[in-house]
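What follows is final19.cif (mmCIF, C-alpha atoms and all ligand atoms).
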```cif
data_structure
loop_
_atom_site.label_atom_id
_atom_site.label_comp_id
_atom_site.auth_asym_id
_atom_site.auth_seq_id
_atom_site.Cartn_x
_atom_site.Cartn_y
_atom_site.Cartn_z
CA MET Y 15 76.85 92.00 94.00
CA SER Y 16 76.74 94.80 91.47
CA GLU Y 17 75.69 98.30 92.36
CA ALA Y 18 74.71 101.34 90.35
CA ILE Y 19 77.10 104.28 90.22
CA PRO Y 20 75.73 107.15 92.32
CA THR Y 21 73.52 109.67 90.61
CA ILE Y 22 75.86 112.66 91.07
CA LEU Y 23 78.23 110.98 88.67
CA GLN Y 24 75.47 109.97 86.26
CA GLN Y 25 74.19 113.54 86.19
CA ALA Y 26 77.63 114.97 85.65
CA ASN Y 27 78.17 112.58 82.73
CA GLY Y 28 75.10 113.79 80.94
CA LEU Y 29 75.96 117.47 81.15
CA ALA Y 30 77.95 119.41 78.61
CA ALA Y 31 80.59 121.92 79.77
CA GLY Y 32 79.02 125.20 80.81
CA ASP Y 33 75.54 123.68 81.04
CA THR Y 34 74.26 124.41 84.52
CA THR Y 35 70.56 123.88 83.97
CA GLY Y 36 69.05 122.15 86.95
CA GLU Y 37 72.48 121.13 88.24
CA THR Y 38 73.43 122.48 91.61
CA ASP Y 39 75.60 119.71 93.00
CA LEU Y 40 78.49 118.77 90.76
CA GLY Y 41 79.89 116.28 93.20
CA PHE Y 42 82.90 118.41 94.10
CA LEU Y 43 84.27 118.30 97.64
CA TRP Y 44 84.92 121.79 98.96
CA ASP Y 45 87.12 122.89 101.86
CA PHE Y 46 90.13 120.84 100.82
CA TRP Y 47 93.52 121.64 99.34
CA TYR Y 48 93.93 121.16 95.58
CA PRO Y 49 97.06 121.66 93.43
CA ALA Y 50 96.31 124.57 91.07
CA LEU Y 51 99.54 124.64 89.09
CA ARG Y 52 103.27 124.01 89.27
CA SER Y 53 105.38 126.49 91.25
CA THR Y 54 107.49 127.14 88.15
CA GLU Y 55 104.45 128.70 86.46
CA ILE Y 56 104.47 131.73 88.74
CA VAL Y 57 107.64 133.66 88.06
CA GLY Y 58 108.48 137.32 88.71
CA SER Y 59 105.44 139.56 88.74
CA ARG Y 60 103.63 137.46 86.15
CA LEU Y 61 100.00 136.56 86.86
CA ALA Y 62 98.98 133.00 86.00
CA THR Y 63 95.50 131.55 85.69
CA ALA Y 64 94.07 128.18 86.67
CA MET Y 65 90.68 126.63 87.27
CA LEU Y 66 89.69 124.47 90.25
CA LEU Y 67 86.17 123.15 90.90
CA GLU Y 68 84.92 125.43 88.09
CA VAL Y 69 86.29 128.50 89.91
CA PRO Y 70 88.61 130.64 87.76
CA LEU Y 71 91.71 131.66 89.71
CA VAL Y 72 94.48 134.19 89.24
CA LEU Y 73 97.73 133.26 90.94
CA GLY Y 74 101.06 134.91 91.47
CA ARG Y 75 103.88 135.49 93.89
CA THR Y 76 104.45 138.68 95.88
CA SER Y 77 107.85 140.39 95.82
CA ASP Y 78 108.60 138.80 99.21
CA GLY Y 79 107.99 135.34 97.75
CA ARG Y 80 104.49 134.42 98.98
CA ALA Y 81 102.19 132.64 96.55
CA PHE Y 82 98.61 133.91 96.43
CA ALA Y 83 95.35 132.87 94.78
CA MET Y 84 92.37 135.12 94.08
CA ARG Y 85 89.15 134.50 92.22
CA ASP Y 86 89.88 135.69 88.71
CA SER Y 87 87.00 138.13 88.73
CA CYS Y 88 86.89 141.76 89.82
CA PRO Y 89 84.18 142.28 92.47
CA HIS Y 90 83.22 145.55 90.70
CA ARG Y 91 82.12 144.32 87.26
CA GLY Y 92 83.55 140.84 86.94
CA ILE Y 93 86.38 141.34 84.44
CA PRO Y 94 89.16 138.81 85.08
CA LEU Y 95 91.76 140.35 87.37
CA SER Y 96 94.41 138.46 85.38
CA TYR Y 97 94.06 141.17 82.67
CA GLY Y 98 95.25 143.68 85.24
CA ARG Y 99 98.67 144.66 86.53
CA PHE Y 100 100.56 143.29 89.49
CA ASP Y 101 103.22 145.37 91.23
CA GLY Y 102 104.50 142.64 93.57
CA LYS Y 103 101.99 143.51 96.31
CA THR Y 104 98.66 144.60 94.82
CA VAL Y 105 96.65 143.59 91.77
CA GLU Y 106 95.18 146.48 89.78
CA CYS Y 107 92.03 145.81 87.76
CA SER Y 108 92.35 146.69 84.07
CA TYR Y 109 88.84 148.24 83.88
CA HIS Y 110 88.57 151.00 86.52
CA GLY Y 111 91.86 150.54 88.31
CA TRP Y 112 90.61 149.28 91.66
CA ARG Y 113 93.55 147.79 93.53
CA PHE Y 114 93.47 144.72 95.78
CA ASP Y 115 96.02 143.42 98.25
CA ALA Y 116 97.16 140.13 96.69
CA CYS Y 117 97.49 138.26 100.00
CA SER Y 118 94.14 139.20 101.53
CA GLY Y 119 92.00 140.27 98.54
CA GLN Y 120 91.20 143.49 100.41
CA CYS Y 121 90.54 146.55 98.27
CA VAL Y 122 93.13 149.28 98.93
CA GLU Y 123 92.17 151.89 96.33
CA ILE Y 124 89.26 152.99 94.15
CA PRO Y 125 90.67 155.73 91.91
CA SER Y 126 87.29 157.25 90.99
CA LEU Y 127 86.39 158.21 94.58
CA THR Y 128 86.54 161.88 95.53
CA SER Y 129 87.24 163.34 98.97
CA GLN Y 130 83.42 163.67 99.42
CA ASP Y 131 82.81 159.91 99.03
CA LYS Y 132 82.06 157.91 102.16
CA LEU Y 133 82.48 154.41 100.65
CA LYS Y 134 84.60 152.21 102.92
CA VAL Y 135 87.11 150.83 100.44
CA ASP Y 136 88.65 148.41 102.94
CA ARG Y 137 85.31 146.61 103.35
CA ILE Y 138 85.45 145.44 99.74
CA PHE Y 139 87.19 142.13 99.03
CA ALA Y 140 88.05 140.23 95.90
CA GLY Y 141 87.49 136.45 96.21
CA HIS Y 142 90.54 135.05 97.90
CA TYR Y 143 91.79 131.57 98.85
CA PRO Y 144 94.48 130.24 101.20
CA CYS Y 145 97.51 129.29 99.17
CA GLU Y 146 100.67 127.31 99.92
CA GLU Y 147 103.63 125.97 97.96
CA LEU Y 148 104.67 122.35 98.60
CA ASP Y 149 106.58 119.75 96.60
CA GLY Y 150 106.74 122.11 93.62
CA TYR Y 151 103.00 122.81 93.43
CA VAL Y 152 100.89 125.81 94.33
CA TRP Y 153 98.11 124.38 96.51
CA VAL Y 154 94.87 126.29 96.95
CA TYR Y 155 92.37 125.64 99.72
CA MET Y 156 89.01 125.76 97.96
CA LEU Y 157 86.69 127.33 100.49
CA ALA Y 158 83.02 126.76 99.94
CA THR Y 159 81.17 130.00 99.42
CA GLY Y 160 80.00 131.49 102.68
CA LEU Y 161 82.99 130.32 104.71
CA ARG Y 162 85.19 133.23 105.76
CA LEU Y 163 88.95 133.27 105.84
CA GLY Y 164 90.44 133.14 109.32
CA GLU Y 165 88.63 129.94 110.23
CA THR Y 166 91.01 127.05 110.76
CA VAL Y 167 92.54 125.67 107.61
CA PRO Y 168 94.38 122.32 107.88
CA ALA Y 169 97.97 121.97 106.67
CA ALA Y 170 98.42 121.33 102.94
CA PRO Y 171 99.34 117.70 102.07
CA LYS Y 172 103.05 117.01 101.81
CA LEU Y 173 104.74 114.04 100.16
CA ALA Y 174 106.49 111.80 102.74
CA THR Y 175 110.28 111.43 102.39
CA PHE Y 176 112.61 109.29 104.51
CA SER Y 177 116.17 110.55 103.93
CA ALA Y 178 117.93 113.89 103.54
CA LYS Y 179 118.93 113.20 99.94
CA TYR Y 180 116.46 112.04 97.32
CA LYS Y 181 115.28 112.47 93.77
CA ILE Y 182 111.89 113.98 93.01
CA THR Y 183 109.89 114.29 89.83
CA ARG Y 184 106.42 115.30 88.75
CA LEU Y 185 104.10 114.27 85.95
CA ALA Y 186 100.63 115.47 84.99
CA CYS Y 187 97.88 114.59 82.57
CA ASP Y 188 94.39 115.85 81.81
CA LEU Y 189 91.47 113.44 81.76
CA PRO Y 190 88.27 114.41 79.94
CA ALA Y 191 86.03 113.07 82.71
CA HIS Y 192 84.29 113.93 85.95
CA VAL Y 193 86.66 113.71 88.92
CA ASP Y 194 84.79 110.63 90.23
CA HIS Y 195 85.71 108.68 87.09
CA GLY Y 196 89.32 109.83 87.42
CA ILE Y 197 89.42 108.64 91.04
CA ILE Y 198 87.76 105.26 90.58
CA GLY Y 199 90.04 104.70 87.58
CA LEU Y 200 93.02 105.42 89.81
CA MET Y 201 92.00 102.89 92.46
CA ASP Y 202 90.84 100.22 90.03
CA PRO Y 203 92.98 97.05 90.27
CA ALA Y 204 91.37 95.17 87.38
CA HIS Y 205 92.41 97.34 84.42
CA GLY Y 206 96.15 96.77 84.87
CA PRO Y 207 96.61 93.67 82.68
CA PHE Y 208 94.57 95.25 79.86
CA VAL Y 209 95.50 98.93 79.91
CA HIS Y 210 99.05 98.75 81.25
CA GLN Y 211 100.40 95.83 79.27
CA SER Y 212 104.05 96.40 78.43
CA TRP Y 213 107.21 94.39 78.26
CA PHE Y 214 108.83 96.15 81.21
CA TRP Y 215 105.93 95.90 83.63
CA ARG Y 216 103.84 92.83 82.99
CA SER Y 217 102.03 90.91 80.31
CA ARG Y 218 98.38 90.02 80.00
CA GLY Y 219 99.26 86.34 80.45
CA SER Y 220 100.56 87.01 83.96
CA ILE Y 221 97.03 87.61 85.28
CA HIS Y 222 96.45 85.68 88.50
CA GLU Y 223 94.32 85.71 91.61
CA LYS Y 224 95.29 88.19 94.29
CA GLN Y 225 94.09 88.94 97.74
CA LYS Y 226 94.81 92.13 99.61
CA GLN Y 227 93.91 93.31 103.06
CA PHE Y 228 92.33 96.74 103.46
CA GLU Y 229 91.67 98.72 106.62
CA PRO Y 230 89.76 101.90 107.41
CA ILE Y 231 91.71 105.12 108.09
CA PRO Y 232 90.23 108.59 108.76
CA ASN Y 233 88.55 109.86 105.58
CA GLY Y 234 89.86 106.93 103.56
CA PHE Y 235 91.19 103.41 103.44
CA ARG Y 236 94.53 101.66 103.36
CA MET Y 237 95.80 98.67 101.46
CA SER Y 238 97.67 97.21 104.43
CA PRO Y 239 101.46 96.82 104.19
CA HIS Y 240 102.20 93.83 101.95
CA SER Y 241 104.84 92.44 99.62
CA PRO Y 242 104.10 93.85 96.18
CA SER Y 243 102.98 91.90 93.16
CA SER Y 244 105.54 89.20 92.35
CA ASN Y 245 104.96 89.61 88.60
CA SER Y 246 106.31 93.16 88.42
CA ALA Y 247 109.95 93.38 87.37
CA PRO Y 248 110.89 96.64 89.23
CA TYR Y 249 109.90 95.11 92.61
CA GLN Y 250 111.94 91.98 91.93
CA LEU Y 251 114.93 94.19 91.16
CA LEU Y 252 114.52 96.15 94.40
CA LYS Y 253 114.44 92.95 96.43
CA LYS Y 254 117.63 91.76 94.74
CA MET Y 255 119.40 95.07 95.43
CA THR Y 256 118.73 95.20 99.18
CA GLY Y 257 118.33 91.54 100.03
CA GLU Y 258 115.53 92.68 102.33
CA PRO Y 259 111.77 92.29 101.97
CA VAL Y 260 109.87 94.91 100.04
CA THR Y 261 106.71 96.30 101.59
CA THR Y 262 104.18 98.53 99.99
CA THR Y 263 101.41 100.56 101.65
CA ILE Y 264 98.79 102.37 99.61
CA ASP Y 265 96.35 104.86 101.13
CA PHE Y 266 93.42 106.60 99.56
CA VAL Y 267 92.34 109.75 101.40
CA LEU Y 268 89.45 112.05 100.58
CA PRO Y 269 88.96 114.11 98.61
CA ASN Y 270 91.29 112.77 95.93
CA ARG Y 271 94.70 111.49 97.07
CA ARG Y 272 96.44 108.17 96.56
CA LEU Y 273 99.61 107.79 98.60
CA GLU Y 274 102.08 105.02 97.99
CA GLU Y 275 105.03 104.05 100.13
CA ILE Y 276 107.47 101.30 99.11
CA ARG Y 277 110.29 100.41 101.46
CA SER Y 278 113.06 97.86 101.44
CA GLY Y 279 115.80 98.27 104.05
CA LYS Y 280 117.12 101.84 103.78
CA LEU Y 281 115.72 102.28 100.30
CA TRP Y 282 112.38 103.93 99.79
CA PHE Y 283 110.03 105.24 97.14
CA THR Y 284 106.96 107.39 97.81
CA SER Y 285 104.38 108.91 95.54
CA GLN Y 286 101.31 111.08 95.82
CA THR Y 287 98.72 111.11 93.09
CA THR Y 288 95.93 113.66 93.20
CA VAL Y 289 92.95 113.81 90.89
CA THR Y 290 91.81 117.40 90.78
CA PRO Y 291 88.40 118.53 89.58
CA VAL Y 292 88.87 121.33 87.06
CA ARG Y 293 85.39 121.37 85.52
CA ARG Y 294 82.55 118.86 85.65
CA ASP Y 295 83.87 117.26 82.47
CA LEU Y 296 87.60 117.62 83.10
CA CYS Y 297 89.99 116.53 85.80
CA ARG Y 298 93.77 116.43 86.06
CA ILE Y 299 96.11 113.86 87.52
CA ASP Y 300 99.14 115.29 89.29
CA PHE Y 301 101.72 112.69 90.19
CA VAL Y 302 104.75 113.46 92.33
CA ALA Y 303 107.24 110.77 93.29
CA ALA Y 304 110.40 110.81 95.40
CA TRP Y 305 112.97 108.08 96.04
CA ASN Y 306 116.49 107.35 97.20
CA LEU Y 307 116.94 104.34 94.91
CA PHE Y 308 120.41 105.20 93.57
CA PHE Y 309 119.94 102.90 90.55
CA LEU Y 310 116.81 104.66 89.32
CA PRO Y 311 117.55 107.82 87.32
CA VAL Y 312 114.79 110.44 86.97
CA SER Y 313 114.96 110.22 83.17
CA ILE Y 314 114.24 106.48 83.08
CA PHE Y 315 111.50 106.79 85.67
CA ARG Y 316 109.82 109.53 83.66
CA ILE Y 317 109.74 107.40 80.52
CA PHE Y 318 107.89 104.64 82.40
CA GLY Y 319 105.66 107.07 84.29
CA LYS Y 320 104.63 108.91 81.13
CA THR Y 321 103.81 105.63 79.40
CA PHE Y 322 101.57 104.64 82.32
CA LEU Y 323 99.76 107.97 82.42
CA ARG Y 324 99.30 108.01 78.65
CA GLN Y 325 97.72 104.55 78.78
CA ASP Y 326 95.24 105.74 81.44
CA GLN Y 327 94.58 108.95 79.53
CA GLU Y 328 93.90 107.17 76.23
CA THR Y 329 91.50 104.81 77.99
CA MET Y 330 89.61 107.68 79.60
CA ILE Y 331 89.37 109.57 76.31
CA GLN Y 332 87.73 106.47 74.86
CA GLN Y 333 85.53 106.07 77.95
CA SER Y 334 84.34 109.68 77.65
CA GLU Y 335 82.98 108.83 74.17
CA GLY Y 336 80.72 106.24 75.76
CA LEU Y 337 79.77 108.38 78.74
CA LYS Y 338 78.37 111.13 76.49
CA HIS Y 339 75.33 108.90 76.02
CA ASN Y 340 74.70 108.64 79.76
CA PRO Y 341 74.80 104.85 80.08
CA HIS Y 342 73.90 102.95 83.24
CA LEU Y 343 77.10 101.78 84.91
CA MET Y 344 77.92 99.26 87.60
CA LEU Y 345 80.41 98.52 90.33
CA ILE Y 346 81.14 94.86 91.03
CA ASP Y 347 82.66 92.99 93.96
CA ASP Y 348 85.47 92.64 94.82
CA ALA Y 349 87.43 94.57 92.21
CA ASP Y 350 85.23 97.69 92.47
CA ARG Y 351 84.84 97.59 96.24
CA PRO Y 352 87.38 100.43 96.75
CA ALA Y 353 85.26 102.55 94.37
CA LYS Y 354 82.19 101.74 96.48
CA TRP Y 355 84.06 102.82 99.62
CA TYR Y 356 85.04 106.06 97.89
CA PHE Y 357 81.44 106.92 97.04
CA ALA Y 358 80.28 105.97 100.54
CA LEU Y 359 83.03 108.02 102.22
CA LYS Y 360 82.17 110.99 100.06
CA ALA Y 361 78.45 110.73 100.77
CA ASN Y 362 79.19 110.36 104.51
CA LEU Y 363 81.41 113.42 104.53
CA MET Y 364 78.74 115.52 102.81
CA GLU Y 365 76.14 114.23 105.27
CA THR Y 366 78.39 114.97 108.28
CA ARG Y 367 78.95 118.49 107.05
CA ARG Y 368 75.24 118.99 106.40
CA THR Y 369 74.01 117.72 109.76
CA GLY Y 370 77.06 118.17 111.98
CA VAL Y 371 76.61 114.55 113.12
CA PRO Y 372 79.50 112.17 112.32
CA VAL Y 373 78.52 109.25 110.06
CA ALA Y 374 80.15 105.82 110.53
CA HIS Y 375 83.00 104.76 108.24
CA PRO Y 376 81.73 102.42 105.49
CA MET Y 377 84.26 99.78 106.60
CA ALA Y 378 83.61 98.29 110.02
CA GLY Y 379 87.16 96.91 110.22
CA PRO Y 380 89.83 95.17 108.12
CA VAL Y 381 88.52 93.48 104.96
CA THR Y 382 90.19 91.08 102.54
CA LEU Y 383 89.39 91.63 98.88
CA ARG Y 384 90.05 89.08 96.13
CA TRP Y 385 90.32 89.68 92.42
CA ARG Y 386 92.29 88.51 89.40
CA SER Y 387 94.72 90.91 87.76
S1 LIG Y 401 85.63 146.01 86.88
FE1 LIG Y 401 87.39 146.02 88.07
S2 LIG Y 401 87.59 148.03 88.70
FE2 LIG Y 401 85.75 148.04 87.64
FE FE Y 402 95.91 102.90 85.29
#
```

How does the structure come out when it is put into structure tokens?
Ligand code: FES
Ligand SMILES: [Fe+2]
Amino acid sequence: MSEAIPTILQQANGLAAGDTTGETDLGFLWDFWYPALRSTEIVGSRLATAMLLEVPLVLGRTSDGRAFAMRDSCPHRGIPLSYGRFDGKTVECSYHGWRFDACSGQCVEIPSLTSQDKLKVDRIFAGHYPCEELDGYVWVYMLATGLRLGETVPAAPKLATFSAKYKITRLACDLPAHVDHGIIGLMDPAHGPFVHQSWFWRSRGSIHEKQKQFEPIPNGFRMSPHSPSSNSAPYQLLKKMTGEPVTTTIDFVLPNRRLEEIRSGKLWFTSQTTVTPVRRDLCRIDFVAAWNLFFLPVSIFRIFGKTFLRQDQETMIQQSEGLKHNPHLMLIDDADRPAKWYFALKANLMETRRTGVPVAHPMAGPVTLRWRS
């Protein structure tokens, strides 16, 4: 059965950047952690900027090493705070010199006030977001407007590792598309033989029928542990090295994370891919992988990883040409079933938050999907 792509996505496709006419819901999921930038981009007392969910952010690190994220807009007259000065503790606006505590956003000084003024400076706050550094990224918890800090914020997502010593590397790429397109592209099993053809991975001729078991997990779904695709050379190599079976588990968890875990004996490989909404017409893939496979150097892995990401990026640049004209799109069974689950999970989450009543998971139990790839 084919199904139309939900209207949020259709609407977002038809809108140009900066065009907000009539558009109130951009299909972003608030109140989740998103990676804003790499930790290496905030050094010394330098202020860095980033954008998440169309919110401009200014980020930095205090002199005692804590990362912080504020809305890059002075609450006085809106000039970006990133034009101001940072002394390791407070950010001073470049326009009238108001100063804000970097870790709470609280105003600590308004230089123009006289001893006669009764204005309570400490009641003024610059927009401020919870911020944490993990796996080499600065994560920002994007609070929906109206929610106050101090309410419970869940822990930021950390990449799983299974030994004391391991290698870790990160890759990123921008996709000129709404985050929904980035995500359904990420979970799409049918594009592999066409987009990711290469001598080292697989050829188009190796296409064959597959069946995989999926199961519901909170806020997502799991491709149940299985032996990975027999036509992929790296997996065959791993099996030869350990002499033990290789199992792979892949989870997708709202709002935007794909987690992969490959294990064979004592050897393991994990990765976390997040698709982050930057603007309605732009998202970014951040990919972090860790492994203790002694035979896999970071440099070689990066060559393969970059090739993969570039292939996806080129495809999405081409796709964005077509999407400008707001075409009707479809999702087909079984290859697009994960995309259908994603849209259903997202709609359910929004509904649960709106009404306070939990909505059932779109999967009643384990499901087997079949496709050719
Ligand atoms: S605009 Fe920032 S202090 Fe006036
Ligand atoms: Fe891909």

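For the pair atom CA of Arg99 of chain Y and atom CA of Thr159 of chain Y, the interatomic distance is 26.2 Å.
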
Exercise. Kindly compile the residues surrounding ligand LIG 401 (chain Y) within 12 Å, counting all atoms listed in the file, and format them as a PyMOL selection string.
Key: chain Y and resi 86-99+105-114+121-127+138-140

Within 9 Å of Ala186 of chain Y, counting all atoms listed in the file, which residues show up once you throw out same-chain ones fewer than 6 positions away? Write them as a PDB file with C-alpha atoms, in the frame of the given file, please.
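File produced: around-v3.pdb:
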```
ATOM      1  CA  ARG Y 298      93.770 116.430  86.060  1.00  0.00           C
ATOM      2  CA  ILE Y 299      96.110 113.860  87.520  1.00  0.00           C
ATOM      3  CA  ASP Y 300      99.140 115.290  89.290  1.00  0.00           C
ATOM      4  CA  PHE Y 301     101.720 112.690  90.190  1.00  0.00           C
ATOM      5  CA  VAL Y 302     104.750 113.460  92.330  1.00  0.00           C
ATOM      6  CA  LYS Y 320     104.630 108.910  81.130  1.00  0.00           C
ATOM      7  CA  LEU Y 323      99.760 107.970  82.420  1.00  0.00           C
TER       8      LEU Y 323
END
```

Exercise. Write out as a PyMOL selection string which residues come within 9 Å of Phe100 of chain Y when counting all atoms listed in the file, dropping same-chain ones fewer than 6 positions away.
Key: chain Y and resi 59-61+74+76+106+116

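Going from atom CA of Gln333 of chain Y to atom CA of Phe318 of chain Y covers 22.8 Å.
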
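You will find atom CA of Arg351 of chain Y at 23.1 Å from atom CA of Gln211 of chain Y.
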
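Residue nearest His375 of chain Y, chosen from Y:Phe235, Y:Phe283, Y:Phe82, Y:Phe266 and counting all atoms listed in the file: Y:Phe235.
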